[in-house]
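Trainee: Provided below: final.cif, containing mmCIF, C-alpha atoms.
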data_final
loop_
_atom_site.label_atom_id
_atom_site.label_comp_id
_atom_site.auth_asym_id
_atom_site.auth_seq_id
_atom_site.Cartn_x
_atom_site.Cartn_y
_atom_site.Cartn_z
CA MET K 99 9.63 31.65 24.42
CA HIS K 100 11.98 29.96 21.92
CA ARG K 101 10.20 27.53 19.57
CA ILE K 102 12.04 24.41 18.44
CA ASP K 103 11.19 25.30 14.83
CA ASP K 104 13.32 28.46 15.17
CA VAL K 105 16.98 27.51 15.45
CA GLY K 106 18.10 30.74 17.11
CA PRO K 107 21.78 31.66 17.55
CA SER K 108 23.02 28.05 17.64
CA ARG K 109 22.15 24.71 16.10
CA THR K 110 19.35 22.68 17.67
CA PRO K 111 20.67 19.24 18.68
CA PHE K 112 18.87 16.21 17.25
CA GLY K 113 17.79 12.98 18.87
CA VAL K 114 15.88 9.88 17.79
CA VAL K 115 12.98 8.21 19.60
CA LEU K 116 11.59 4.81 18.62
CA PHE K 117 8.14 4.29 20.12
CA ASP K 118 7.07 0.74 20.94
CA THR K 119 3.79 1.16 19.05
CA PRO K 120 3.99 4.02 16.51
CA TYR K 121 0.25 3.97 15.84
CA LYS K 122 -0.33 4.71 19.55
CA PRO K 123 2.92 6.31 20.79
CA SER K 124 3.60 6.17 24.50
CA GLY K 125 6.62 4.20 25.73
CA GLY K 126 9.81 3.84 23.72
CA TRP K 127 13.60 4.17 23.56
CA ALA K 128 15.37 7.45 22.86
CA SER K 129 18.91 8.78 22.40
CA LYS K 130 20.33 12.28 22.26
CA ALA K 131 22.98 12.87 19.56
CA GLY K 132 24.50 9.40 19.78
CA GLY K 133 24.26 9.14 23.55
CA ASP K 134 23.15 6.09 25.50
CA ALA K 135 19.61 4.85 25.01
CA PHE K 136 17.12 5.79 27.70
CA ARG K 137 13.53 4.75 28.31
CA VAL K 138 10.65 7.21 27.88
CA ASN K 139 7.00 6.82 28.80
CA GLY K 140 5.83 9.44 26.33
CA ARG K 141 6.66 12.76 24.74
CA GLN K 142 6.72 14.44 28.14
CA ASP K 143 9.97 12.58 28.93
CA LEU K 144 11.80 13.95 25.86
CA PRO K 145 14.04 17.01 26.48
CA SER K 146 12.34 20.02 24.89
CA ASP K 147 15.61 21.57 23.68
CA HIS K 148 16.15 18.76 21.14
CA LEU K 149 14.38 18.02 17.87
CA TRP K 150 13.27 14.39 17.81
CA VAL K 151 13.10 12.30 14.66
CA THR K 152 10.59 9.55 15.41
CA ASN K 153 9.42 6.28 13.93
CA LEU K 154 5.98 7.84 13.39
CA GLY K 155 4.79 7.55 9.80
CA VAL K 156 2.47 9.70 7.72
CA GLN K 157 -0.55 7.85 9.06
CA ASP K 158 0.52 8.37 12.70
CA PHE K 159 1.96 11.86 12.63
CA PRO K 160 -0.76 14.48 12.02
CA SER K 161 -2.57 14.04 15.33
CA TYR K 162 0.59 13.53 17.37
CA ARG K 163 2.47 16.60 16.13
CA SER K 164 -0.32 18.82 17.44
CA ILE K 165 0.94 17.95 20.95
CA GLY K 166 4.26 19.70 20.36
CA GLY K 167 6.55 21.11 17.68
CA ASN K 168 9.73 19.19 18.39
CA LEU K 169 8.74 15.88 16.74
CA ARG K 170 9.32 14.89 13.12
CA ARG K 171 8.25 11.97 10.95
CA SER K 172 10.43 8.95 10.31
CA ASN K 173 11.11 10.22 6.76
CA PHE K 174 12.46 13.62 7.89
CA PHE K 175 15.75 12.85 6.12
CA ARG K 176 13.85 11.52 3.06
CA THR K 177 15.09 7.98 3.72
CA ASP K 178 12.95 6.43 6.43
CA LEU K 179 14.62 5.61 9.75
CA SER K 180 13.78 1.93 9.27
CA ALA K 181 15.49 1.96 5.86
CA ILE K 182 18.58 3.63 7.35
CA ALA K 183 18.62 0.92 10.01
CA ASP K 184 18.42 -1.73 7.28
CA GLU K 185 21.32 -0.14 5.39
CA LEU K 186 23.43 -0.38 8.53
CA GLY K 187 22.24 -3.89 9.41
CA LEU K 188 20.77 -2.74 12.73
CA PRO K 189 18.34 -5.18 14.38
CA ARG K 190 14.71 -4.20 13.94
CA ASP K 191 13.70 -5.95 17.14
CA ASN K 192 16.28 -4.27 19.39
CA PRO K 193 15.73 -0.50 19.54
CA PHE K 194 17.98 -0.24 22.62
CA ASP K 195 20.99 -1.03 20.41
CA SER K 196 19.73 0.76 17.27
CA VAL K 197 18.64 4.15 18.60
CA PRO K 198 22.09 5.49 19.67
CA LEU K 199 23.59 5.00 16.20
CA LEU K 200 20.49 6.39 14.48
CA SER K 201 20.56 9.48 16.69
CA GLU K 202 24.26 9.98 16.00
CA ILE K 203 23.60 9.90 12.25
CA ALA K 204 20.64 12.29 12.66
CA ASP K 205 22.66 14.78 14.69
CA ARG K 206 25.67 14.60 12.35
CA ALA K 207 23.46 15.16 9.31
CA SER K 208 21.79 18.17 10.93
CA SER K 209 25.21 19.54 11.93
CA ILE K 210 26.55 19.21 8.37
CA ALA K 211 23.41 20.87 6.99
CA TYR K 212 23.58 23.72 9.49
CA ASN K 213 27.28 24.36 8.82
CA GLU K 214 26.68 24.40 5.05
CA TYR K 215 23.37 26.28 4.86
CA GLU K 216 22.91 28.10 8.20
CA PHE K 217 19.15 27.59 8.25
CA SER K 218 17.13 29.69 10.68
CA ARG K 219 14.21 27.30 11.17
CA ILE K 220 13.63 23.57 10.96
CA GLY K 221 10.91 22.50 8.54
CA LEU K 222 8.92 19.28 8.42
CA SER K 223 11.74 17.68 6.40
CA LEU K 224 15.45 18.29 5.86
CA ARG K 225 14.70 19.20 2.25
CA ASP K 226 12.29 21.93 3.36
CA THR K 227 14.81 23.09 5.96
CA ILE K 228 17.69 23.72 3.54
CA ALA K 229 15.58 24.79 0.54
CA PRO K 230 15.64 28.58 1.26
CA ALA K 231 19.45 28.65 1.20
CA VAL K 232 19.80 26.36 -1.83
CA THR K 233 17.26 28.28 -3.93
CA GLU K 234 18.32 31.76 -2.83
CA ASN K 235 19.48 32.78 -6.34
CA LEU K 236 16.81 30.88 -8.26
CA VAL K 237 13.92 32.53 -10.07
CA THR K 238 11.22 30.25 -11.48
CA PRO K 239 9.24 31.94 -14.30
CA SER K 240 5.47 31.80 -14.28
CA THR K 241 5.55 30.62 -17.92
CA TYR K 242 8.13 29.08 -20.25
CA GLY K 243 7.13 30.69 -23.52
CA SER K 244 3.65 29.42 -24.32
CA ARG K 245 0.73 27.46 -22.94
CA VAL K 246 1.80 24.49 -25.08
CA ALA K 247 5.29 24.54 -23.52
CA ASP K 248 3.90 24.92 -19.99
CA LEU K 249 1.55 21.95 -20.41
CA ALA K 250 4.32 19.86 -22.00
CA LEU K 251 6.61 20.52 -19.02
CA ILE K 252 3.85 19.54 -16.60
CA ASN K 253 3.28 16.32 -18.55
CA ALA K 254 7.01 15.50 -18.80
CA HIS K 255 7.73 15.65 -15.07
CA LYS K 256 8.40 12.25 -13.50
CA THR K 257 10.12 11.46 -10.20
CA HIS K 258 10.65 7.70 -10.46
CA HIS K 259 9.50 4.70 -12.45
CA VAL K 260 7.14 2.12 -10.96
CA CYS K 261 7.19 -1.26 -12.70
CA ALA K 262 4.09 -3.31 -13.34
CA MET K 263 4.94 -6.57 -11.60
CA ARG K 264 3.34 -9.34 -9.58
CA GLY K 265 4.41 -10.04 -6.03
CA THR K 266 6.61 -13.06 -5.35
CA LEU K 267 5.76 -15.43 -2.52
CA GLY K 268 8.35 -15.22 0.26
CA ALA K 269 10.06 -12.19 -1.25
CA ARG K 270 11.29 -9.12 0.60
CA ALA K 271 11.51 -5.57 -0.76
CA VAL K 272 15.19 -4.58 -0.92
CA ARG K 273 16.73 -1.27 -1.94
CA PHE K 274 20.13 -1.06 -3.63
CA ARG K 275 21.68 2.38 -4.05
CA TRP K 276 24.83 4.23 -4.96
CA SER K 277 26.73 6.42 -2.54
CA ARG K 278 24.35 9.34 -2.01
CA SER K 279 27.20 11.86 -2.16
CA GLN K 280 28.66 10.46 -5.38
CA HIS K 281 25.24 10.23 -7.02
CA ALA K 282 24.49 13.86 -6.11
CA ASP K 283 27.88 14.90 -7.49
CA THR K 284 27.16 13.07 -10.77
CA LEU K 285 23.79 14.79 -11.20
CA MET K 286 25.24 18.21 -10.41
CA ARG K 287 27.61 17.83 -13.38
CA MET K 288 24.84 17.15 -15.91
CA PRO K 289 23.70 19.88 -18.35
CA ILE K 290 20.29 21.48 -17.81
CA PRO K 291 18.01 23.60 -20.05
CA ASP K 292 18.08 27.38 -20.04
CA GLY K 293 15.62 29.95 -21.40
CA ALA K 294 12.15 29.81 -22.94
CA TRP K 295 10.74 27.01 -25.10
CA SER K 296 9.36 27.07 -28.64
CA GLN K 297 8.18 24.73 -31.39
CA TYR K 298 10.94 22.94 -33.29
CA THR K 299 10.94 24.22 -36.86
CA GLY K 300 12.73 21.29 -38.47
CA GLU K 301 11.55 17.74 -39.15
CA PRO K 302 13.05 14.29 -38.74
CA PRO K 303 14.64 13.05 -41.98
CA PRO K 304 12.53 10.55 -43.99
CA SER K 305 14.83 7.69 -42.92
CA ALA K 306 14.14 8.52 -39.24
CA LYS K 307 10.38 8.62 -39.83
CA ARG K 308 10.49 5.12 -41.37
CA ASP K 309 12.70 3.74 -38.59
CA SER K 310 11.37 1.30 -36.02
CA GLY K 311 14.04 2.11 -33.44
CA GLY K 312 17.27 0.71 -32.07
CA GLY K 313 20.53 2.25 -30.88
CA ASP K 314 22.01 2.27 -34.40
CA SER K 315 18.89 3.65 -36.08
CA ALA K 316 18.52 6.91 -38.01
CA LEU K 317 15.93 8.04 -35.46
CA TYR K 318 18.42 7.66 -32.62
CA ALA K 319 21.06 9.60 -34.58
CA TRP K 320 18.56 12.41 -35.30
CA LEU K 321 17.54 12.70 -31.64
CA ASP K 322 21.21 12.78 -30.67
CA GLU K 323 21.82 15.61 -33.13
CA VAL K 324 18.79 17.63 -31.98
CA GLY K 325 19.57 17.10 -28.29
CA THR K 326 23.22 18.07 -28.70
CA GLU K 327 22.32 21.43 -30.23
CA GLN K 328 19.69 22.40 -27.65
CA PRO K 329 17.48 20.84 -24.96
CA ALA K 330 14.39 19.23 -26.45
CA LEU K 331 11.10 17.79 -25.24
CA ILE K 332 9.84 14.97 -27.43
CA ARG K 333 6.19 13.99 -27.72
CA LEU K 334 6.09 10.31 -28.60
CA SER K 335 4.40 6.94 -28.44
CA PHE K 336 6.40 3.88 -27.37
CA GLU K 337 6.15 0.13 -27.90
CA ALA K 338 8.84 -1.95 -26.18
CA PHE K 339 10.84 -4.64 -28.01
CA ASP K 340 10.59 -7.14 -25.12
CA ALA K 341 8.98 -7.73 -21.72
CA THR K 342 11.98 -6.43 -19.75
CA ALA K 343 12.00 -3.10 -21.57
CA ASP K 344 8.22 -2.92 -21.33
CA SER K 345 8.35 -3.27 -17.52
CA LEU K 346 11.23 -0.81 -17.08
CA LEU K 347 10.14 1.89 -19.53
CA GLN K 348 6.44 1.62 -20.32
CA PRO K 349 4.29 4.11 -18.35
CA SER K 350 1.71 2.46 -16.12
CA GLY K 351 -1.29 3.55 -14.06
CA GLU K 352 -1.92 7.29 -13.94
CA GLU K 353 1.43 7.90 -15.64
CA ALA K 354 0.10 6.28 -18.83
CA VAL K 355 -1.01 9.74 -19.99
CA ARG K 356 2.62 10.94 -20.05
CA GLU K 357 3.47 11.77 -23.68
CA TRP K 358 6.34 14.29 -23.40
CA VAL K 359 9.84 13.19 -22.37
CA PRO K 360 13.29 14.88 -22.33
CA VAL K 361 15.36 14.09 -25.39
CA HIS K 362 17.89 11.94 -23.50
CA GLU K 363 15.03 9.80 -22.17
CA ALA K 364 13.60 9.54 -25.70
CA MET K 365 16.98 8.24 -26.91
CA LEU K 366 16.89 5.53 -24.26
CA MET K 367 13.38 4.52 -25.33
CA VAL K 368 14.46 4.33 -29.00
CA GLN K 369 17.20 1.88 -27.96
CA HIS K 370 14.61 -0.45 -26.45
CA GLY K 371 11.46 -0.10 -28.53
CA ARG K 372 9.56 1.35 -31.47
CA VAL K 373 9.04 5.09 -31.11
CA SER K 374 6.83 7.42 -33.13
CA ILE K 375 7.60 11.16 -32.89
CA ARG K 376 4.49 13.34 -32.60
CA GLY K 377 5.96 16.70 -31.65
CA VAL K 378 9.14 18.51 -30.57
CA LEU K 379 9.75 21.56 -28.38
CA VAL K 380 13.22 23.07 -27.96
CA GLY K 381 14.83 25.30 -25.35
CA GLN K 382 17.29 28.10 -25.99
CA GLY K 383 20.38 26.26 -24.80
CA TYR K 384 22.17 24.38 -22.05
CA THR K 385 23.79 25.64 -18.89
CA SER K 386 25.22 24.09 -15.72
CA ILE K 387 23.45 23.78 -12.39
CA MET K 388 25.98 25.41 -10.08
CA PRO K 389 25.51 29.06 -11.17
CA PHE K 390 21.81 28.71 -10.28
CA ALA K 391 22.19 27.27 -6.80
CA GLY K 392 22.70 29.66 -3.90
CA VAL K 393 25.21 27.31 -2.23
CA ARG K 394 27.03 24.13 -3.14
CA PRO K 395 26.29 20.59 -1.97
CA PRO K 396 28.30 19.40 1.05
CA ALA K 397 31.95 18.60 0.35
CA ASN K 398 32.44 15.19 -1.22
CA GLY K 399 35.98 13.79 -1.33
CA LEU K 400 36.90 10.34 -0.04
CA ALA K 401 35.49 10.81 3.46
CA GLY K 402 32.34 12.52 2.22
CA SER K 403 31.60 9.83 -0.36
CA VAL K 404 31.37 7.11 2.31
CA SER K 405 29.76 9.19 5.06
CA LEU K 406 26.08 8.32 5.48
CA SER K 407 25.36 11.63 7.23
CA ASN K 408 27.07 13.62 4.46
CA GLY K 409 25.21 11.57 1.86
CA ILE K 410 21.83 12.27 3.47
CA VAL K 411 22.47 16.02 3.20
CA ALA K 412 23.77 15.73 -0.38
CA GLU K 413 20.69 13.76 -1.41
CA ASN K 414 18.34 16.34 0.09
CA TYR K 415 20.34 19.08 -1.66
CA TRP K 416 19.77 17.70 -5.14
CA MET K 417 16.18 16.84 -4.27
CA VAL K 418 15.56 20.54 -3.58
CA LEU K 419 16.73 21.40 -7.11
CA ALA K 420 14.84 18.47 -8.63
CA SER K 421 11.56 19.58 -7.01
CA LEU K 422 11.37 23.21 -8.16
CA ARG K 423 8.06 24.46 -9.49
CA SER K 424 6.71 27.84 -10.55
CA ASP K 425 3.55 29.49 -9.33
CA SER K 426 0.43 28.20 -11.09
CA THR K 427 -0.07 29.73 -14.51
CA ALA K 428 -3.29 31.13 -15.88
CA GLY K 429 -5.05 28.39 -17.86
CA THR K 430 -3.47 25.51 -15.91
CA ARG K 431 -4.39 23.95 -12.59
CA HIS K 432 -0.83 22.88 -11.84
CA ARG K 433 2.42 24.52 -10.83
CA ILE K 434 4.92 24.11 -13.64
CA PRO K 435 7.99 21.97 -12.90
CA ALA K 436 11.23 23.80 -13.68
CA PRO K 437 12.99 22.36 -16.77
CA MET K 438 16.10 21.93 -14.59
CA SER K 439 14.11 19.66 -12.27
CA ILE K 440 12.72 17.60 -15.15
CA TRP K 441 16.22 17.12 -16.59
CA MET K 442 17.75 16.15 -13.24
CA ARG K 443 15.01 13.60 -12.60
CA ALA K 444 15.49 12.13 -16.07
CA TRP K 445 19.29 11.88 -15.67
CA ASP K 446 18.69 10.17 -12.32
CA ARG K 447 16.29 7.62 -13.83
CA LEU K 448 18.64 6.92 -16.77
CA ILE K 449 21.46 6.11 -14.35
CA CYS K 450 19.14 3.89 -12.32
CA PHE K 451 17.73 2.21 -15.44
CA ARG K 452 21.04 0.51 -16.28
CA ALA K 453 21.17 -1.11 -12.85
CA ALA K 454 17.47 -2.02 -12.94
CA GLN K 455 18.04 -3.71 -16.28
CA ALA K 456 20.91 -5.74 -14.83
CA PHE K 457 18.72 -6.95 -11.95
CA GLN K 458 15.90 -7.91 -14.34
CA ARG K 459 18.31 -9.87 -16.55
CA ALA K 460 19.45 -11.78 -13.46
CA GLY K 461 15.85 -12.86 -12.87
CA ILE K 462 15.30 -10.44 -9.97
CA PRO K 463 12.00 -8.54 -10.30
CA VAL K 464 12.34 -4.74 -10.11
CA GLN K 465 9.60 -2.89 -8.26
CA SER K 466 10.74 0.67 -9.02
CA TYR K 467 13.81 2.81 -9.66
CA GLY K 468 14.84 6.44 -9.25
CA GLY K 469 16.18 8.71 -6.54
CA GLY K 470 19.60 7.05 -6.76
CA ALA K 471 18.25 3.59 -5.96
CA VAL K 472 16.68 0.44 -7.40
CA ASN K 473 14.01 -1.40 -5.41
CA VAL K 474 13.69 -5.11 -6.07
CA SER K 475 11.64 -8.07 -4.82
CA LEU K 476 14.12 -10.58 -3.45
CA THR K 477 13.82 -14.17 -2.25
CA PRO K 478 16.60 -15.85 -0.20
CA ARG K 479 17.53 -18.06 -3.16
CA LYS K 480 18.47 -14.91 -5.12
CA TYR K 481 20.47 -13.17 -2.37
CA GLN K 482 23.91 -13.94 -3.80
CA GLU K 483 22.94 -13.10 -7.39
CA ALA K 484 21.56 -9.78 -6.21
CA LEU K 485 24.80 -9.02 -4.38
CA ASP K 486 26.78 -9.87 -7.52
CA VAL K 487 24.70 -7.46 -9.62
CA CYS K 488 24.98 -4.83 -6.91
CA MET K 489 28.77 -5.00 -6.89
CA GLN K 490 28.96 -5.01 -10.70
CA GLN K 491 26.93 -1.79 -10.78
CA GLY K 492 29.06 -0.11 -8.09
CA MET K 493 26.11 0.04 -5.72
CA THR K 494 25.91 -0.43 -1.96
CA PRO K 495 23.87 -3.34 -0.53
CA PRO K 496 22.13 -3.16 2.83
CA MET K 497 24.35 -4.69 5.52
CA TRP K 498 21.70 -7.19 6.60
CA LEU K 499 21.74 -8.73 3.11
CA ILE K 500 25.48 -9.41 3.27
CA ARG K 501 24.96 -11.17 6.59
CA ASP K 502 21.84 -13.10 5.55
CA SER K 503 23.30 -14.07 2.18
CA SER K 504 26.01 -16.18 3.80
CA ILE K 505 23.41 -17.80 6.07
CA SER K 506 21.13 -18.51 3.09
CA LYS K 507 24.03 -19.96 1.09
CA ARG K 508 24.89 -22.37 3.89
CA LYS K 509 21.26 -23.52 4.09
CA LEU K 510 20.96 -24.05 0.34
CA ASN K 511 24.22 -26.04 0.24
CA ARG K 512 23.36 -28.20 3.26
CA PRO K 513 22.89 -31.88 2.34
CA VAL K 514 19.38 -33.27 2.64
CA GLY K 515 18.81 -34.56 6.18
CA ALA K 516 21.75 -32.65 7.69
CA PRO K 517 21.09 -30.91 11.03
CA ALA K 518 20.27 -27.20 10.91
#
Reformat the file's structure so that it appears as structure tokens.
Mentor:
Amino acid sequence: MHRIDDVGPSRTPFGVVLFDTPYKPSGGWASKAGGDAFRVNGRQDLPSDHLWVTNLGVQDFPSYRSIGGNLRRSNFFRTDLSAIADELGLPRDNPFDSVPLLSEIADRASSIAYNEYEFSRIGLSLRDTIAPAVTENLVTPSTYGSRVADLALINAHKTHHVCAMRGTLGARAVRFRWSRSQHADTLMRMPIPDGAWSQYTGEPPPSAKRDSGGGDSALYAWLDEVGTEQPALIRLSFEAFDATADSLLQPSGEEAVREWVPVHEAMLMVQHGRVSIRGVLVGQGYTSIMPFAGVRPPANGLAGSVSLSNGIVAENYWMVLASLRSDSTAGTRHRIPAPMSIWMRAWDRLICFRAAQAFQRAGIPVQSYGGGAVNVSLTPRKYQEALDVCMQQGMTPPMWLIRDSSISKRKLNRPVGAPA
């Protein structure tokens, strides 16, 4: 009998089901590929020839998936269904109206992915589903030249930056992002390391060693020179110039043990703090990403850049490349992140840093950044300022914020004692 995990000769259609109580799924509203919403009393009412993206989270899913193989978590597309609904301004309290549009987006995204990558089975996430096609021509070495290099690469890997911040009373977590397709296209154009790694044989000039940092410093110029010639990993210590830079760049929590960073990240840190260089490793040279990937990301262009479904696939495409790891190496307990993945993640964070800095300067606390987005803590009084920063950075705000911002502005400008 055909399993839903195995696609077979044609693409499996997608649907979305929003259960009334995800922690105890029974009744809910469902839609097949953008069709009308219909009521279900449980999984038994869902057509078995569809794959269903649900509103079940990590905490709900393990026990429920054992019932059948045609259900997936709410983060199947990486962005949670609730976050996609927020981006589109769909009402959280009206699944009857929300589920048809969400299922249309899910089915379109799966159709784009299938047409581009012709996957033969559906994994637990879209990233896992397209990974075999994307990585078809990729070979990840079991070592990158030495134990020192392998351990440095493990230490340098970082997916996103979490800021040390206090919660704000009455604030809501809001995500601002760029077009997923355009962000993926930008990252795919960035240079990546190639070849094995070795110890750097030179030394910073005396003027760089005495420098305390800054964008016009000798240390910055030396890092620029080293990083232009070949990829470099820099072992350093960092002390920020001010509280904003400290929040946006200083490692926190478990990440505080991170000592190695890519050279372009080190240059950013030199611009915003005092940096001491403690070691340098260099790669053999730079190359581009596209010769490594088995297939290209989905077509961009004008239509692709504004298509949410296309963007979801493009984001999962670059996430496959930014998540590559080798098999575990003798002497280490970890799988080694590919240098390409480390570089892509760093380029991503550098792009996001500029926007995060703009939000912080506007008095809007940043919770985290990375993955093509900046997450902030936002109170109604700051709605309009946040939208202004968003537009200045060329980002896309969630639709609900545009709507609620005008409502909030009217309330703030209402004279004292005026009727609501």
Trainee: So the first atom is atom CA of Trp150 of chain K and the second is atom CA of Pro395 of chain K; what is the distance between them in Å, to one decimal place?
Mentor: 24.5 Å
Trainee: Nearest residue to Arg372 of chain K out of K:Ser208, K:Ser315, K:Gln490, K:Ser466, using all atoms listed in the file?
Mentor: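 Between K:Ser208, K:Ser315, K:Gln490, K:Ser466, the residue approaching Arg372 of chain K most closely is K:Ser315.
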Trainee: Given all atoms listed in the file as the basis, pick out the residue of K:Leu200, K:Ala271, K:Leu419, K:Leu366 nearest to Pro230 of chain K.
Mentor: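 Answer, going by the shortest atom-to-atom distance: K:Leu419.
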Trainee: How many Å lie between atom CA of Glu327 of chain K and atom CA of Met442 of chain K, rounded to one decimal?
Mentor: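 Between these atoms lies a distance of 18.4 Å.
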Trainee: From the list K:Trp416, K:Gly470, K:Trp498, K:Ala294, which residue is nearest Thr238 of chain K when using all atoms listed in the file?
Mentor: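 Of K:Trp416, K:Gly470, K:Trp498, K:Ala294, the one nearest Thr238 of chain K, counting all atoms listed in the file, is K:Ala294.
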Trainee: Do you know which residues the PyMOL selection byres ((chain K and resi 144) around 12) returns on this file, as a ChimeraX atom specification?
Mentor: /K:112-117,124-130,136-143,145-152,166,168-169
Trainee: Write the selection just made, keeping C-alpha atoms, as an mmCIF file, keeping the file's coordinate frame?
Mentor:
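Everything below was put into result.cif:
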data_model
loop_
_atom_site.group_PDB
_atom_site.id
_atom_site.type_symbol
_atom_site.label_atom_id
_atom_site.label_comp_id
_atom_site.auth_asym_id
_atom_site.auth_seq_id
_atom_site.Cartn_x
_atom_site.Cartn_y
_atom_site.Cartn_z
ATOM 1 C CA PHE K 112 18.870 16.210 17.250
ATOM 2 C CA GLY K 113 17.790 12.980 18.870
ATOM 3 C CA VAL K 114 15.880 9.880 17.790
ATOM 4 C CA VAL K 115 12.980 8.210 19.600
ATOM 5 C CA LEU K 116 11.590 4.810 18.620
ATOM 6 C CA PHE K 117 8.140 4.290 20.120
ATOM 7 C CA SER K 124 3.600 6.170 24.500
ATOM 8 C CA GLY K 125 6.620 4.200 25.730
ATOM 9 C CA GLY K 126 9.810 3.840 23.720
ATOM 10 C CA TRP K 127 13.600 4.170 23.560
ATOM 11 C CA ALA K 128 15.370 7.450 22.860
ATOM 12 C CA SER K 129 18.910 8.780 22.400
ATOM 13 C CA LYS K 130 20.330 12.280 22.260
ATOM 14 C CA PHE K 136 17.120 5.790 27.700
ATOM 15 C CA ARG K 137 13.530 4.750 28.310
ATOM 16 C CA VAL K 138 10.650 7.210 27.880
ATOM 17 C CA ASN K 139 7.000 6.820 28.800
ATOM 18 C CA GLY K 140 5.830 9.440 26.330
ATOM 19 C CA ARG K 141 6.660 12.760 24.740
ATOM 20 C CA GLN K 142 6.720 14.440 28.140
ATOM 21 C CA ASP K 143 9.970 12.580 28.930
ATOM 22 C CA PRO K 145 14.040 17.010 26.480
ATOM 23 C CA SER K 146 12.340 20.020 24.890
ATOM 24 C CA ASP K 147 15.610 21.570 23.680
ATOM 25 C CA HIS K 148 16.150 18.760 21.140
ATOM 26 C CA LEU K 149 14.380 18.020 17.870
ATOM 27 C CA TRP K 150 13.270 14.390 17.810
ATOM 28 C CA VAL K 151 13.100 12.300 14.660
ATOM 29 C CA THR K 152 10.590 9.550 15.410
ATOM 30 C CA GLY K 166 4.260 19.700 20.360
ATOM 31 C CA ASN K 168 9.730 19.190 18.390
ATOM 32 C CA LEU K 169 8.740 15.880 16.740
#
Trainee: Could you pull the residues within 12 Å of Ala444 of chain K, counting all atoms listed in the file, minus those fewer than 6 positions along the same chain, as an NGL selection string?
Mentor: :K and (254-259 or 285 or 288-290 or 331 or 358-366 or 420 or 437-438 or 450-451 or 467-470)
Trainee: For the PyMOL selection byres ((chain K and resi 229) around 9), applied here, can you spell out every residue it catches as a list in words?
Mentor: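 When the PyMOL selection byres ((chain K and resi 229) around 9) is applied to the shown file, the picked residues are Phe217, Leu224, Arg225, Asp226, Thr227, Ile228, Pro230, Ala231, Val232, Thr233, Glu234, Asn414, Tyr415, Val418 and Leu419 of chain K.
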Trainee: What does the file look like for those residues with C-alpha atoms, as an mmCIF file, in the coordinates of the input?
Mentor:
data_model
loop_
_atom_site.group_PDB
_atom_site.id
_atom_site.type_symbol
_atom_site.label_atom_id
_atom_site.label_comp_id
_atom_site.auth_asym_id
_atom_site.auth_seq_id
_atom_site.Cartn_x
_atom_site.Cartn_y
_atom_site.Cartn_z
ATOM 1 C CA PHE K 217 19.150 27.590 8.250
ATOM 2 C CA LEU K 224 15.450 18.290 5.860
ATOM 3 C CA ARG K 225 14.700 19.200 2.250
ATOM 4 C CA ASP K 226 12.290 21.930 3.360
ATOM 5 C CA THR K 227 14.810 23.090 5.960
ATOM 6 C CA ILE K 228 17.690 23.720 3.540
ATOM 7 C CA PRO K 230 15.640 28.580 1.260
ATOM 8 C CA ALA K 231 19.450 28.650 1.200
ATOM 9 C CA VAL K 232 19.800 26.360 -1.830
ATOM 10 C CA THR K 233 17.260 28.280 -3.930
ATOM 11 C CA GLU K 234 18.320 31.760 -2.830
ATOM 12 C CA ASN K 414 18.340 16.340 0.090
ATOM 13 C CA TYR K 415 20.340 19.080 -1.660
ATOM 14 C CA VAL K 418 15.560 20.540 -3.580
ATOM 15 C CA LEU K 419 16.730 21.400 -7.110
#
Trainee: Provide the atom CA of Glu202 of chain K to atom CA of Met417 of chain K distance in Å, to one decimal place.
Mentor: 22.9 Å
